[in-house]
Amino acid sequence: MSSFTPYLSIAGARRLLRSGEITPVELLDGLNERIDALDPSLGAYVGRDLETARNEAAKADLNRPLGGIPIGVKDAITVKGQPCRSASRILEGFTAPYDSTAVARLRAAGAIPFGRMNMDEFAMGSSTENSSVHPTRNPWDTSRIPGGSSGGSAAAVAAGTAIATLGSDTGGSIRQPAALCGCVGLKPTYGRVSRYGLIAFASSLDQIGPLTSTVEDSALLLNAMAGKDPMDSTSLDLPDEDFTAEIGRDLKGLRIGVPKEYFVDGMEPGVRAAVDKAIAQFESLGAEMVPISLPHTEYAVAVYYIIATAEASANLARFDGVRYGRRSPAAKDLQSLYGKSREEGFGLEVKRRIILGTYVLSSGYYDAYYLRAQKVRTLIRRDFDQAFSKVDAIISPTSPETAFRLGEKTGDPLTMYLADIFTIAANLAGICGLSLPCGFSERDGSTLPVGLQLLGRPFGESRLLRIGHAYEQSTQWHSRRPPLA
Amino acid sequence: MSTSQSTTPHHAIDVPYLARLARLELTEEEVGMFSGQLGRILDHVEQMNRLDITGIEPTAHAITVFDVIREDEVRESVPKEVMIGNAPHAANGLFVVPKVLD
């Protein structure tokens with residue numbers, strides 16, 4: 001009789017495995033049964049290979065830091081021998097020829113990549129409705145979206161159908177779904193985790209990171225994944241660091257900035273109330289709350305949708321129906337092979353962004369849009385540089401609202417884009433950001449999780465995780481479970 | 001700023017021309033939809049013009065990356081059969097495409 005229980009943290013599962021109360025195969029089987037029971041109504045997974053994972057579990061080395069722990073992987077991150085399609089039709093039939101560095105390092109730490117998580121196609125979206133496979137639903141209310149683009153990764157952790165998962169964050173794609181599903185999500189500093197094997201969306205913004213049920217678990221996954229990789233020239237060579245080292249220390253003497261631009265009218269009242277309570281909680285924990293200003297915040301969405309679409313239009317040029325992925329059967333010549341394979345293979349949002357990105361890079365418009373956006377990006381970065389000369393972290397809501405209903409925003413892309421207003425600046429500035437549960441908001445009769453965002457200095461993850469952990473452990477939000485059948 | 005669908009955007013963009021540049025065929029319906037939506041997104045982006053950016057250097061990467069050079073060592077790579085194995089059409093270890101020259 002297996003002692004599998006849902007909602008195990010990595011740290012908790014590790015204790016059970018090491019004490020022999022459960023074997024890695026039992027843990028995997030228990031998790032798999034729970035996925036069988038619950039995922040049909042959630043759609044967090046796009047694929048699983050139980051046989052391969054069981055073979056790895058049977059050989060798991062429990063002495064390693066993540067020995068025997070199954071990890072779900074966003075469908076944009078390669079796992080050798082497994083399909084990987086960024087939830088796009090254009091990558092139908094594609095099998096990953098190699099492990100991404102993040103996955104290879106998790107394996108080296110003993111973890112078992114198990115399951116591919118649903119997402120918005122090519123990570124373009126904030127609701128996971130842009131998946132070509134199926135939408136994912138929020139475990140707290142299945143008529144609502146889980147956020148995106150790492151919606152499958154967040155929904156599974158929140159539903160206890162995954163212990164921990166990997167996501168990627170280009171404009172909030174780890175933090176926003178973590179907030180909307182009520183779990184923890186960490187976007188590391190740009191350059192902290194190798195992007196090798198991550199299907200590129202916007203290369204100057206993309207970063208792989210963990211989604212977990214506790215702050216400590218995010219630190220454990222970052223410990224395994226961080227570091228210089230010769231296969232990604234933007235990964236940085238920094239001294240080895242134990243990201244759990246500061247965890248458990250108190251917050252006395254730390255200064256946390258409250259940016260006035262992130263507390264404006266129009267926010268969902270329940271979100272505002274939960275974040276205000278969190279600020280009071282931080283004060284009671286001994287942190288000093290400091291009013292600050294990030295004056296260029298209002299430009300972040302505009303800058304992001306120029307830079308991200310420009311980079312995407314170049315990155316997605318590789319999907320041409322020639323070397324991998326889907327080729328249109330209607331192609332007559334090489335031009336129509338490109339044009340029709342891309343027409344049939346890409347979804348609406350991806351096409352929209354390719355066209356926008358092509359426009360802002362096209363002759364005559366480059367200076368007015370792309371170059372100008374890069375200059376405003378400099379101003380946004382400076383805002384954070386100045387803020388971090390005064391404070392250790394910055395606090396805000398992760399999202400101005402809780403989970404919306406499926407279909408509510410699909411007709412108006414600009415409204416959907418504005419949902420990312422609090423998360424985007426961190427990617428433009430390259431800094432690290434953490435989202436963690438801070439309460440609930442009543443929205444149209446549903447009780448929905450609210451996420452708190454903490455932003456940290458470049459390469460300041462250890463301090464950020466310490467601050468998040470101290471808050472988490474002083475509240476009960478992380479132990480609330482969704483009302484699943 | 002209004003984000004409603006009915007607002008006529010100030011910006012007009014030539015979607016069929018851009019689709020040709022991007023090697024992306026679009027239906028007439030998509031062309032019509034994108035023209036309106038992208039025009040409105042560009043109207044929103046217009047707010048950047050309020051800022052004085054004189055003398056500001058552009059940021060391409062948030063964390064400054066200098067030229068990164070590694071040793072030119074012979075290493076194992078993914079076998080050719082594996083890479084070709086993902087091709088939608090291959091023969092004799094080569095990618096097959098429609099005839100380019102007559």
# chains A, B, ... in the order shown; residues from 1 in each chain; ligands from 1
$ select_by_dssp --residues "stretch 104-237 of chain A" --states "alpha helix (DSSP H)" --output "mmCIF file with C-alpha atoms, in the first residue's frame"
data_model
loop_
_atom_site.group_PDB
_atom_site.id
_atom_site.type_symbol
_atom_site.label_atom_id
_atom_site.label_comp_id
_atom_site.auth_asym_id
_atom_site.auth_seq_id
_atom_site.Cartn_x
_atom_site.Cartn_y
_atom_site.Cartn_z
ATOM 1 C CA ALA A 104 19.695 17.937 -17.971
ATOM 2 C CA ARG A 105 20.671 19.638 -14.701
ATOM 3 C CA LEU A 106 17.481 18.526 -12.976
ATOM 4 C CA ARG A 107 18.249 14.983 -14.099
ATOM 5 C CA ALA A 108 21.791 15.312 -12.765
ATOM 6 C CA GLY A 151 -0.928 27.848 -17.355
ATOM 7 C CA GLY A 152 -0.551 24.063 -17.341
ATOM 8 C CA SER A 153 2.524 24.279 -15.099
ATOM 9 C CA ALA A 154 0.654 26.461 -12.568
ATOM 10 C CA ALA A 155 -2.686 24.615 -12.641
ATOM 11 C CA ALA A 156 -1.040 21.233 -12.001
ATOM 12 C CA VAL A 157 0.932 22.467 -8.982
ATOM 13 C CA ALA A 158 -2.192 24.164 -7.581
ATOM 14 C CA ALA A 159 -4.279 21.015 -8.107
ATOM 15 C CA ARG A 175 4.408 34.742 -12.203
ATOM 16 C CA GLN A 176 0.941 35.586 -13.546
ATOM 17 C CA PRO A 177 -0.338 31.972 -13.777
ATOM 18 C CA ALA A 178 1.234 31.224 -10.371
ATOM 19 C CA ALA A 179 -0.753 34.164 -8.979
ATOM 20 C CA LEU A 180 -4.018 33.186 -10.656
ATOM 21 C CA CYS A 181 -3.740 29.529 -9.564
ATOM 22 C CA VAL A 215 9.112 29.200 -1.735
ATOM 23 C CA GLU A 216 11.688 26.727 -0.438
ATOM 24 C CA ASP A 217 10.897 24.361 -3.333
ATOM 25 C CA SER A 218 11.610 27.133 -5.848
ATOM 26 C CA ALA A 219 14.998 27.626 -4.203
ATOM 27 C CA LEU A 220 15.697 23.882 -4.449
ATOM 28 C CA LEU A 221 14.913 23.813 -8.183
ATOM 29 C CA LEU A 222 16.954 26.945 -8.834
ATOM 30 C CA ASN A 223 19.880 25.338 -6.990
ATOM 31 C CA ALA A 224 19.792 22.515 -9.516
ATOM 32 C CA MET A 225 19.281 24.610 -12.666
#
$ interface_residues --of "chain A" --to "chain B" --cutoff "8 Å" --atoms "only C-alpha atoms" --output "PyMOL selection string"
chain A and resi 93-95+97-98+190-191+204-205+230+233-234+299+302-303+313+317+321-327+332-335+338-340+342-343+351-352+354-356+358-359+371-379+381+412-415+428-430
$ atom_distance --atom1 "atom CA of A:Thr161" --atom2 "atom CA of A:Ala13"
13.6 Å
$ closest_residue --among "A:Thr142, A:Thr398, A:Asn427, A:Ser9" --to "A:Phe384" --atoms "only C-alpha atoms"
A:Asn427
$ atom_distance --atom1 "atom CA of A:Glu298" --atom2 "atom CA of A:Val258"
15.9 Å
$ residues_around --residues "stretch 65-77 of chain A" --least-positions-apart "3" --cutoff "8 Å" --atoms "only C-alpha atoms" --output "PyMOL selection string"
chain A and resi 10+13-14+17+24+28+46+57+60-62+84-87+100+103+106+109-119+122-123+150+152-153+162-168+197-199
$ decode --residues "stretch 363-407 of chain A" --atoms "N, CA and C atoms" --output "short mmCIF file (atom, residue, chain, number, x, y, z; two decimals), in the first residue's frame"
data_model
loop_
_atom_site.label_atom_id
_atom_site.label_comp_id
_atom_site.auth_asym_id
_atom_site.auth_seq_id
_atom_site.Cartn_x
_atom_site.Cartn_y
_atom_site.Cartn_z
N SER A 363 11.48 48.38 -42.91
CA SER A 363 12.17 49.58 -43.38
C SER A 363 11.28 50.81 -43.20
N GLY A 364 11.83 51.85 -42.60
CA GLY A 364 11.07 53.08 -42.41
C GLY A 364 10.41 53.17 -41.04
N TYR A 365 10.26 52.04 -40.35
CA TYR A 365 9.59 52.06 -39.05
C TYR A 365 10.51 51.67 -37.89
N TYR A 366 11.67 51.15 -38.23
CA TYR A 366 12.60 50.62 -37.22
C TYR A 366 12.92 51.67 -36.15
N ASP A 367 13.31 52.86 -36.58
CA ASP A 367 13.69 53.90 -35.62
C ASP A 367 12.51 54.34 -34.76
N ALA A 368 11.35 54.46 -35.40
CA ALA A 368 10.17 54.98 -34.69
C ALA A 368 9.66 53.99 -33.65
N TYR A 369 9.84 52.73 -33.91
CA TYR A 369 9.29 51.73 -32.99
C TYR A 369 10.37 50.96 -32.24
N TYR A 370 11.14 50.14 -32.96
CA TYR A 370 12.06 49.22 -32.27
C TYR A 370 13.16 49.98 -31.52
N LEU A 371 13.80 50.90 -32.22
CA LEU A 371 14.90 51.63 -31.58
C LEU A 371 14.38 52.50 -30.42
N ARG A 372 13.24 53.15 -30.66
CA ARG A 372 12.65 53.97 -29.59
C ARG A 372 12.29 53.09 -28.38
N ALA A 373 11.73 51.93 -28.65
CA ALA A 373 11.36 51.03 -27.55
C ALA A 373 12.60 50.60 -26.77
N GLN A 374 13.69 50.35 -27.46
CA GLN A 374 14.93 49.95 -26.76
C GLN A 374 15.46 51.09 -25.87
N LYS A 375 15.24 52.32 -26.31
CA LYS A 375 15.67 53.47 -25.49
C LYS A 375 14.77 53.63 -24.27
N VAL A 376 13.47 53.44 -24.47
CA VAL A 376 12.56 53.53 -23.31
C VAL A 376 12.86 52.37 -22.35
N ARG A 377 13.28 51.24 -22.92
CA ARG A 377 13.68 50.11 -22.07
C ARG A 377 14.82 50.53 -21.14
N THR A 378 15.74 51.33 -21.64
CA THR A 378 16.83 51.84 -20.80
C THR A 378 16.28 52.66 -19.64
N LEU A 379 15.25 53.48 -19.91
CA LEU A 379 14.66 54.30 -18.85
C LEU A 379 13.99 53.42 -17.79
N ILE A 380 13.34 52.36 -18.26
CA ILE A 380 12.68 51.42 -17.32
C ILE A 380 13.73 50.74 -16.45
N ARG A 381 14.82 50.33 -17.06
CA ARG A 381 15.92 49.71 -16.29
C ARG A 381 16.47 50.66 -15.24
N ARG A 382 16.64 51.93 -15.63
CA ARG A 382 17.19 52.93 -14.69
C ARG A 382 16.26 53.12 -13.51
N ASP A 383 14.94 53.09 -13.76
CA ASP A 383 13.98 53.20 -12.65
C ASP A 383 14.31 52.16 -11.58
N PHE A 384 14.55 50.92 -12.03
CA PHE A 384 14.82 49.83 -11.07
C PHE A 384 16.19 50.01 -10.42
N ASP A 385 17.19 50.44 -11.20
CA ASP A 385 18.52 50.67 -10.63
C ASP A 385 18.43 51.67 -9.47
N GLN A 386 17.68 52.75 -9.73
CA GLN A 386 17.54 53.77 -8.69
C GLN A 386 16.78 53.24 -7.48
N ALA A 387 15.71 52.48 -7.74
CA ALA A 387 14.92 51.94 -6.64
C ALA A 387 15.77 51.00 -5.78
N PHE A 388 16.55 50.14 -6.44
CA PHE A 388 17.32 49.14 -5.69
C PHE A 388 18.54 49.74 -4.98
N SER A 389 18.82 51.02 -5.23
CA SER A 389 19.86 51.67 -4.42
C SER A 389 19.28 52.02 -3.04
N LYS A 390 17.94 51.96 -2.93
CA LYS A 390 17.31 52.33 -1.66
C LYS A 390 16.63 51.16 -0.95
N VAL A 391 16.24 50.13 -1.71
CA VAL A 391 15.46 49.04 -1.10
C VAL A 391 16.02 47.67 -1.51
N ASP A 392 15.67 46.65 -0.71
CA ASP A 392 16.12 45.28 -0.99
C ASP A 392 15.18 44.56 -1.94
N ALA A 393 13.91 44.96 -1.95
CA ALA A 393 12.93 44.31 -2.82
C ALA A 393 11.80 45.30 -3.06
N ILE A 394 10.99 44.99 -4.06
CA ILE A 394 9.84 45.83 -4.41
C ILE A 394 8.60 44.96 -4.35
N ILE A 395 7.53 45.48 -3.74
CA ILE A 395 6.31 44.70 -3.56
C ILE A 395 5.21 45.27 -4.44
N SER A 396 4.39 44.38 -5.02
CA SER A 396 3.23 44.82 -5.81
C SER A 396 2.28 43.65 -5.96
N PRO A 397 1.07 43.89 -6.48
CA PRO A 397 0.28 42.75 -6.90
C PRO A 397 0.98 42.11 -8.11
N THR A 398 0.80 40.80 -8.33
CA THR A 398 1.33 40.17 -9.53
C THR A 398 0.47 40.54 -10.74
N SER A 399 -0.83 40.56 -10.51
CA SER A 399 -1.78 40.87 -11.59
C SER A 399 -2.85 41.80 -11.01
N PRO A 400 -3.35 42.75 -11.81
CA PRO A 400 -4.38 43.66 -11.26
C PRO A 400 -5.71 42.99 -11.00
N GLU A 401 -5.85 41.73 -11.43
CA GLU A 401 -7.13 41.03 -11.25
C GLU A 401 -6.88 39.55 -11.01
N THR A 402 -7.92 38.87 -10.51
CA THR A 402 -7.86 37.42 -10.36
C THR A 402 -8.28 36.77 -11.68
N ALA A 403 -8.40 35.45 -11.68
CA ALA A 403 -8.65 34.69 -12.92
C ALA A 403 -9.96 35.12 -13.58
N PHE A 404 -9.88 35.41 -14.88
CA PHE A 404 -11.09 35.75 -15.63
C PHE A 404 -11.65 34.50 -16.30
N ARG A 405 -12.83 34.64 -16.90
CA ARG A 405 -13.48 33.47 -17.50
C ARG A 405 -12.90 33.15 -18.87
N LEU A 406 -12.94 31.88 -19.24
CA LEU A 406 -12.54 31.49 -20.58
C LEU A 406 -13.37 32.30 -21.59
N GLY A 407 -12.70 32.82 -22.60
CA GLY A 407 -13.40 33.55 -23.65
C GLY A 407 -13.63 35.02 -23.35
#
